[in-house]
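Structure file final01.cif; described as mmCIF, C-alpha atoms.
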```
data_protein
#
loop_
_atom_site.label_atom_id
_atom_site.label_comp_id
_atom_site.auth_asym_id
_atom_site.auth_seq_id
_atom_site.Cartn_x
_atom_site.Cartn_y
_atom_site.Cartn_z
CA MET A 252 -26.15 -61.05 -93.64
CA LYS A 253 -27.52 -60.05 -90.29
CA THR A 254 -23.98 -59.40 -89.04
CA LYS A 255 -23.21 -57.12 -92.02
CA PHE A 256 -26.42 -55.16 -91.43
CA LEU A 257 -25.53 -54.63 -87.78
CA VAL A 258 -22.01 -53.47 -88.69
CA LEU A 259 -23.35 -51.00 -91.29
CA THR A 260 -25.93 -49.67 -88.83
CA PHE A 261 -23.23 -49.19 -86.20
CA PHE A 262 -21.02 -47.19 -88.59
CA ALA A 263 -24.00 -45.12 -89.84
CA LEU A 264 -25.00 -44.19 -86.30
CA ASN A 265 -21.45 -43.24 -85.38
CA PHE A 266 -21.05 -41.20 -88.58
CA SER A 267 -24.30 -39.26 -88.02
CA THR A 268 -23.42 -38.67 -84.38
CA ALA A 269 -20.06 -37.28 -85.46
CA LEU A 270 -21.75 -34.96 -87.97
CA PHE A 271 -24.18 -33.61 -85.37
CA ALA A 272 -21.37 -33.21 -82.88
CA GLN A 273 -19.32 -31.30 -85.45
CA ASP A 274 -22.29 -29.01 -86.17
CA GLU A 275 -22.65 -28.40 -82.45
CA ILE A 276 -18.94 -27.58 -82.14
CA ASP A 277 -19.20 -25.18 -85.09
CA VAL A 278 -22.10 -23.37 -83.42
CA GLN A 279 -20.25 -23.21 -80.12
CA GLN A 280 -17.22 -21.75 -81.87
CA LYS A 281 -19.23 -18.82 -83.22
CA TYR A 282 -18.61 -15.80 -81.04
CA THR A 283 -22.12 -14.52 -81.67
CA ALA A 284 -23.85 -17.82 -80.84
CA HIS A 285 -23.78 -17.04 -77.11
CA ASN A 286 -24.27 -13.70 -75.37
CA LYS A 287 -23.93 -14.59 -71.70
CA GLY A 288 -21.13 -12.61 -70.05
CA LYS A 289 -20.90 -9.92 -72.75
CA PHE A 290 -21.01 -6.17 -72.15
CA PHE A 291 -22.31 -3.63 -74.64
CA VAL A 292 -22.53 0.13 -75.08
CA MET A 293 -24.88 2.07 -77.37
CA TRP A 294 -25.10 5.70 -78.50
CA GLY A 295 -27.65 7.22 -80.84
CA GLY A 296 -30.36 9.76 -81.53
CA ASN A 297 -34.14 9.94 -81.44
CA ARG A 298 -37.30 11.72 -82.48
CA GLU A 299 -40.18 12.04 -80.04
CA THR A 300 -43.88 12.76 -79.91
CA PHE A 301 -45.90 13.54 -76.78
CA THR A 302 -49.56 13.40 -75.87
CA ASP A 303 -51.30 16.58 -74.72
CA SER A 304 -50.99 17.22 -70.99
CA ASP A 305 -52.75 19.12 -68.21
CA VAL A 306 -49.99 21.13 -66.51
CA HIS A 307 -50.65 22.47 -63.01
CA PHE A 308 -48.66 25.52 -61.88
CA ARG A 309 -48.69 26.55 -58.22
CA GLY A 310 -46.94 29.21 -56.15
CA THR A 311 -47.50 31.79 -53.42
CA ASP A 312 -49.56 34.11 -55.62
CA TYR A 313 -51.01 31.82 -58.25
CA ASN A 314 -52.56 28.39 -58.75
CA PHE A 315 -53.76 27.43 -62.20
CA THR A 316 -53.87 24.60 -64.73
CA VAL A 317 -53.27 24.77 -68.45
CA HIS A 318 -55.51 22.10 -69.98
CA ASN A 319 -54.44 19.91 -72.90
CA MET A 320 -51.14 21.67 -73.47
CA SER A 321 -49.54 20.49 -76.71
CA ALA A 322 -45.78 20.05 -77.03
CA HIS A 323 -43.21 18.82 -79.52
CA ASP A 324 -39.57 17.77 -79.63
CA LYS A 325 -36.58 19.82 -80.84
CA PRO A 326 -34.67 17.76 -83.42
CA LYS A 327 -31.11 18.53 -84.43
CA GLY A 328 -31.07 16.35 -87.54
CA TRP A 329 -27.95 14.59 -88.81
CA HIS A 330 -25.21 16.67 -87.21
CA VAL A 331 -21.60 16.45 -86.02
CA ASP A 332 -22.79 17.41 -82.52
CA TYR A 333 -23.75 13.77 -81.94
CA ILE A 334 -20.06 12.90 -81.82
CA ASN A 335 -18.65 16.22 -80.57
CA PRO A 336 -17.84 15.69 -76.84
CA ALA A 337 -18.34 19.38 -76.07
CA ARG A 338 -21.84 19.50 -77.62
CA MET A 339 -23.23 15.98 -77.24
CA THR A 340 -26.09 17.10 -74.97
CA ILE A 341 -27.47 19.51 -77.54
CA PRO A 342 -29.12 16.88 -79.79
CA GLN A 343 -31.75 14.38 -78.62
CA THR A 344 -29.69 11.34 -77.68
CA ASN A 345 -29.77 7.86 -76.16
CA LEU A 346 -26.97 6.31 -74.10
CA ARG A 347 -27.09 2.74 -72.85
CA LEU A 348 -24.64 0.44 -71.03
CA GLY A 349 -25.59 -3.20 -70.63
CA TYR A 350 -24.66 -6.73 -69.63
CA PHE A 351 -25.99 -10.11 -70.78
CA PHE A 352 -26.69 -12.27 -67.74
CA SER A 353 -27.91 -15.05 -70.05
CA ASP A 354 -27.83 -15.75 -73.78
CA HIS A 355 -31.21 -14.12 -74.27
CA TYR A 356 -31.54 -11.52 -71.50
CA SER A 357 -29.66 -8.34 -70.67
CA VAL A 358 -29.88 -5.61 -68.06
CA THR A 359 -29.01 -2.02 -68.92
CA ILE A 360 -28.72 1.43 -67.42
CA GLY A 361 -29.23 4.38 -69.71
CA VAL A 362 -30.34 7.94 -70.32
CA ASP A 363 -32.89 8.98 -72.92
CA HIS A 364 -32.14 12.67 -73.48
CA MET A 365 -35.41 13.97 -74.89
CA LYS A 366 -36.53 17.55 -75.44
CA TYR A 367 -40.04 18.74 -74.61
CA VAL A 368 -41.15 22.16 -75.94
CA MET A 369 -44.53 23.71 -75.25
CA THR A 370 -46.00 24.67 -78.61
CA GLN A 371 -46.32 28.45 -78.88
CA ASN A 372 -49.14 30.06 -80.85
CA GLN A 373 -51.60 27.57 -79.40
CA ILE A 374 -54.86 28.38 -77.66
CA ALA A 375 -55.36 26.39 -74.45
CA SER A 376 -57.94 26.60 -71.67
CA VAL A 377 -56.77 27.82 -68.26
CA SER A 378 -58.48 27.27 -64.90
CA GLY A 379 -57.44 28.82 -61.58
CA THR A 380 -56.25 32.14 -60.19
CA VAL A 381 -53.35 34.57 -60.58
CA ASN A 382 -52.99 37.23 -57.88
CA LEU A 383 -49.52 38.76 -58.09
CA PRO A 384 -48.55 42.05 -56.38
CA ALA A 385 -49.58 45.06 -58.44
CA ASP A 386 -45.96 46.04 -59.10
CA ALA A 387 -44.97 42.56 -60.36
CA ALA A 388 -44.28 42.19 -64.07
CA GLY A 389 -46.81 39.38 -64.43
CA SER A 390 -49.65 41.21 -62.65
CA VAL A 391 -51.21 42.02 -66.04
CA HIS A 392 -52.35 38.39 -66.00
CA ASN A 393 -54.09 38.66 -62.61
CA GLY A 394 -57.58 37.26 -62.58
CA VAL A 395 -59.82 34.25 -62.16
CA TYR A 396 -59.79 31.74 -65.01
CA ASN A 397 -62.56 29.23 -65.58
CA ASP A 398 -61.69 27.14 -68.63
CA THR A 399 -60.73 30.45 -70.21
CA PRO A 400 -59.18 30.16 -73.69
CA ILE A 401 -55.76 31.83 -73.63
CA PRO A 402 -53.60 32.39 -76.71
CA PHE A 403 -49.99 31.56 -75.86
CA GLU A 404 -48.25 33.73 -78.41
CA ASP A 405 -45.47 35.90 -76.98
CA GLY A 406 -44.37 33.87 -73.93
CA THR A 407 -45.17 36.62 -71.38
CA PHE A 408 -47.75 34.47 -69.60
CA LEU A 409 -45.98 31.16 -70.02
CA LYS A 410 -43.18 29.55 -71.95
CA PHE A 411 -42.51 26.01 -70.76
CA GLU A 412 -39.96 23.46 -71.91
CA HIS A 413 -37.66 20.67 -70.78
CA THR A 414 -34.91 21.24 -73.32
CA ASP A 415 -31.74 20.41 -71.42
CA GLY A 416 -33.59 18.13 -71.33
CA LEU A 417 -36.40 15.71 -70.51
CA ASN A 418 -33.88 13.21 -69.13
CA TYR A 419 -35.27 9.72 -68.52
CA VAL A 420 -32.64 7.91 -66.42
CA HIS A 421 -33.67 4.27 -66.42
CA THR A 422 -32.85 0.61 -66.20
CA GLU A 423 -34.16 -1.98 -68.66
CA ILE A 424 -34.50 -5.72 -68.92
CA SER A 425 -34.37 -6.81 -72.58
CA ARG A 426 -34.63 -10.06 -74.54
CA PHE A 427 -32.57 -10.85 -77.67
CA ASP A 428 -33.35 -13.55 -80.23
CA ASP A 429 -31.14 -14.41 -83.20
CA ILE A 430 -33.29 -14.51 -86.38
CA SER A 431 -30.40 -14.72 -88.87
CA ARG A 432 -31.70 -18.04 -90.22
CA TRP A 433 -34.86 -16.28 -91.40
CA PHE A 434 -32.64 -14.43 -93.87
CA GLY A 435 -30.45 -17.41 -94.78
CA LEU A 436 -27.32 -15.98 -93.16
CA PRO A 437 -24.87 -18.89 -92.74
CA ASN A 438 -22.09 -17.12 -90.82
CA ILE A 439 -23.48 -15.12 -87.92
CA ASP A 440 -19.97 -13.99 -86.95
CA LYS A 441 -20.03 -11.80 -90.08
CA VAL A 442 -23.65 -10.62 -89.98
CA GLN A 443 -26.20 -11.45 -87.30
CA ILE A 444 -29.77 -10.15 -87.06
CA ASN A 445 -31.57 -10.06 -83.70
CA LEU A 446 -35.00 -9.13 -82.48
CA THR A 447 -35.09 -7.33 -79.15
CA GLU A 448 -37.87 -6.34 -76.77
CA GLY A 449 -37.65 -4.77 -73.34
CA VAL A 450 -39.29 -3.05 -70.39
CA GLY A 451 -37.85 -0.16 -68.39
CA VAL A 452 -38.43 1.98 -65.33
CA GLY A 453 -36.64 5.07 -64.08
CA VAL A 454 -36.67 8.66 -62.86
CA LEU A 455 -36.99 11.98 -64.67
CA TYR A 456 -34.09 14.37 -64.13
CA PRO A 457 -34.92 17.41 -66.27
CA LYS A 458 -33.52 20.89 -66.51
CA THR A 459 -36.72 22.84 -67.04
CA ASN A 460 -36.60 26.22 -68.78
CA THR A 461 -39.70 28.23 -67.88
CA THR A 462 -40.81 31.80 -68.41
CA LEU A 463 -43.72 32.14 -66.00
CA LEU A 464 -45.53 35.41 -65.23
CA GLY A 465 -42.31 37.39 -65.59
CA LYS A 466 -40.50 35.52 -62.79
CA ASP A 467 -36.81 34.56 -62.85
CA ARG A 468 -36.47 31.01 -64.12
CA ASN A 469 -35.01 28.04 -62.34
CA ASP A 470 -31.90 26.76 -64.13
CA ALA A 471 -30.89 23.56 -62.31
CA PHE A 472 -31.30 19.83 -62.85
CA HIS A 473 -33.87 18.31 -60.51
CA VAL A 474 -35.40 14.87 -59.92
CA SER A 475 -39.02 15.57 -60.85
CA GLY A 476 -40.82 12.23 -61.12
CA PHE A 477 -40.77 8.76 -62.62
CA GLY A 478 -41.31 6.98 -65.91
CA THR A 479 -41.95 3.53 -67.36
CA SER A 480 -41.41 2.27 -70.91
CA LEU A 481 -41.70 -0.59 -73.40
CA LYS A 482 -39.56 -1.04 -76.50
CA ALA A 483 -39.06 -3.28 -79.53
CA GLY A 484 -36.30 -3.20 -82.09
CA LEU A 485 -34.05 -4.80 -84.67
CA ASN A 486 -30.33 -5.28 -84.04
CA VAL A 487 -27.82 -5.98 -86.84
CA THR A 488 -24.36 -7.03 -85.59
CA PHE A 489 -21.31 -6.94 -87.90
CA PHE A 490 -18.02 -8.80 -87.44
CA LYS A 491 -18.87 -9.95 -83.89
CA HIS A 492 -18.42 -6.62 -82.12
CA PHE A 493 -20.22 -3.76 -83.90
CA TYR A 494 -23.91 -3.16 -84.35
CA VAL A 495 -26.60 -0.78 -85.49
CA GLN A 496 -29.97 -0.91 -83.75
CA GLY A 497 -33.33 0.62 -84.59
CA GLU A 498 -36.05 0.81 -81.95
CA VAL A 499 -39.51 2.12 -81.28
CA LYS A 500 -40.21 2.95 -77.65
CA GLY A 501 -43.28 4.12 -75.82
CA GLY A 502 -43.82 5.08 -72.21
CA TYR A 503 -45.50 7.06 -69.49
CA ILE A 504 -44.01 10.00 -67.60
CA ASN A 505 -45.34 11.43 -64.33
CA MET A 506 -43.63 14.51 -62.88
CA GLN A 507 -45.19 15.98 -59.73
CA ASP A 508 -42.20 18.11 -58.62
CA ILE A 509 -41.04 20.29 -61.52
CA ARG A 510 -38.98 23.36 -60.58
CA THR A 511 -40.16 26.37 -62.57
CA THR A 512 -38.68 29.56 -61.07
CA ALA A 513 -35.88 30.69 -58.77
CA SER A 514 -38.28 30.31 -55.82
CA SER A 515 -38.59 26.85 -54.28
CA ASP A 516 -42.27 27.66 -53.60
CA ASP A 517 -43.02 27.59 -57.31
CA LYS A 518 -43.72 24.13 -58.74
CA ALA A 519 -45.47 22.47 -61.65
CA SER A 520 -46.79 18.97 -62.26
CA GLN A 521 -47.85 17.02 -65.33
CA ASP A 522 -48.13 13.52 -66.75
CA PHE A 523 -48.20 12.32 -70.36
CA PHE A 524 -47.28 9.50 -72.73
CA PHE A 525 -44.32 9.61 -75.11
CA PHE A 526 -43.21 7.75 -78.22
CA GLN A 527 -39.63 7.54 -79.48
CA LYS A 528 -38.02 6.39 -82.73
CA ILE A 529 -34.36 5.57 -82.10
CA ILE A 530 -31.39 4.78 -84.31
CA ALA A 531 -28.15 3.91 -82.51
CA PHE A 532 -24.70 2.41 -82.95
CA GLY A 533 -22.84 0.23 -80.49
CA GLY A 534 -20.22 -2.31 -79.58
CA ILE A 535 -20.42 -5.64 -77.79
CA PHE A 536 -17.48 -7.43 -76.13
CA ARG A 537 -16.27 -9.66 -73.33
CA ILE A 538 -13.83 -8.38 -70.71
#
```
The structure given in the file should be rewritten as structure tokens.
Amino acid sequence: MKTKFLVLTFFALNFSTALFAQDEIDVQQKYTAHNKGKFFVMWGGNRETFTDSDVHFRGTDYNFTVHNMSAHDKPKGWHVDYINPARMTIPQTNLRLGYFFSDHYSVTIGVDHMKYVMTQNQIASVSGTVNLPADAAGSVHNGVYNDTPIPFEDGTFLKFEHTDGLNYVHTEISRFDDISRWFGLPNIDKVQINLTEGVGVGVLYPKTNTTLLGKDRNDAFHVSGFGTSLKAGLNVTFFKHFYVQGEVKGGYINMQDIRTTASSDDKASQDFFFFQKIIAFGGIFRI
């Protein structure tokens, strides 16, 4: 009897071990079960909001600050320009290229192409001085300002925007976690759902369009400062290689060297927080 029990136990253990081993092999055979060594690319669009900002303008004949300037984004909406190579920089877009250096962690480089537009028809307080030559177009604004409320209506005093755009060129470290089992998805090679979180840091490379006291505007891209960001999102991968990803992203931007006019003596500086909502499409593959 004892011998029979030992024999049955031996076969039971071997059978269960085989089952677990088979399950492990099945998991290993799933392309989506492991990410290490994969590359991915992502392209999408965003909407943004910005906190109010004190913007300091300085030049040879002026030095003033606009307090609590409000600004907004410039959405394009659902449009063919997102996939038109000749017009892809017109909408607000997100581009990201990445690599998984482990199953759960990736490193990316990317560009968040945001658009920042000073809200016209606002009243903001101005402090500082304007002392342009009498024959200059903007001399009508000469004076001393001491928290003086100014209506920004027609753009002759100031029109200020980063619309080509507020380019946040950054690198990110992100974590991915497969949560398909939460939704009872048995075959992750067909549909896989992932949570992702990340942190980023980068530089701001805007093309700032400014109408300032009647001066000729600067019209060149320029490294103006730095930014940091945090994000969280949901990734849904289909048939191993294609995915759609939704994210929310918040960050801080500090630009102390903004080019405003054709003169290199004219500069502006500001810092503010931003919030993005992103929807993007991508592909993931091994080379």
Query - Residues in the PyMOL selection byres ((chain A and resi 504-516) around 7), expressed as number ranges by chain - result: A: 310-311, 459, 461, 466-469, 475-479, 502-503, 517-524
Requested in this report: Decode the PyMOL selection byres ((chain A and resi 376-392) around 12) for the given file into explicit residues and return them as a PyMOL selection string.
Outcome: chain A and resi 304-321+373-375+393-403+406-409+462-467
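The residues that lie within 7 Å of the point (-22.5, 4.2, -81.1), counting all atoms listed in the file, are Met293, Trp294, Gly295, Ala531, Phe532 and Gly533 of chain A.
We find CA of Asn297 (chain A) and CA of Asn372 (chain A) to be spaced 25.1 Å apart.
Near Met365 (chain A), within a cut-off of 10 Å and counting only C-alpha atoms, sit the residues Gly296, Asn297, Arg298, Glu299, Thr300, Asp324, Lys325, Pro326, Thr340, Pro342, Gln343, Thr344, Asn345, His413, Thr414, Asp415, Gly416, Leu417, Asn418, Tyr419, Pro457, Phe525 and Gln527 of chain A, with same-chain residues fewer than 5 positions away left out.
As for CA of Ile535 (chain A) and CA of Ser431 (chain A), they are spaced 17.5 Å apart.
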Requested in this report: Pick out the closest residue to His285 (chain A) from this set: A:Ile439, A:Leu446, A:Leu485, A:Ile529. Count all atoms listed in the file.
Outcome: A:Ile439
Give me the box for region 514-524 of chain A as JSON, namely the centre and edge lengths in Å to one decimal of a box along x, y and z that holds every listed atom plus 5 Å on each side.
```
{"center_x": -43.2, "center_y": 19.9, "center_z": -63.2, "size_x": 19.9, "size_y": 30.8, "size_z": 29.1}
```
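Between CA of Met369 (chain A) and CA of Glu423 (chain A) lies a distance of 28.5 Å.
Here the question is which of A:Ala483, A:Val292, A:Ile530, A:Leu346 gets nearest to Val450 (chain A) using all atoms listed in the file, and that residue is A:Ala483.
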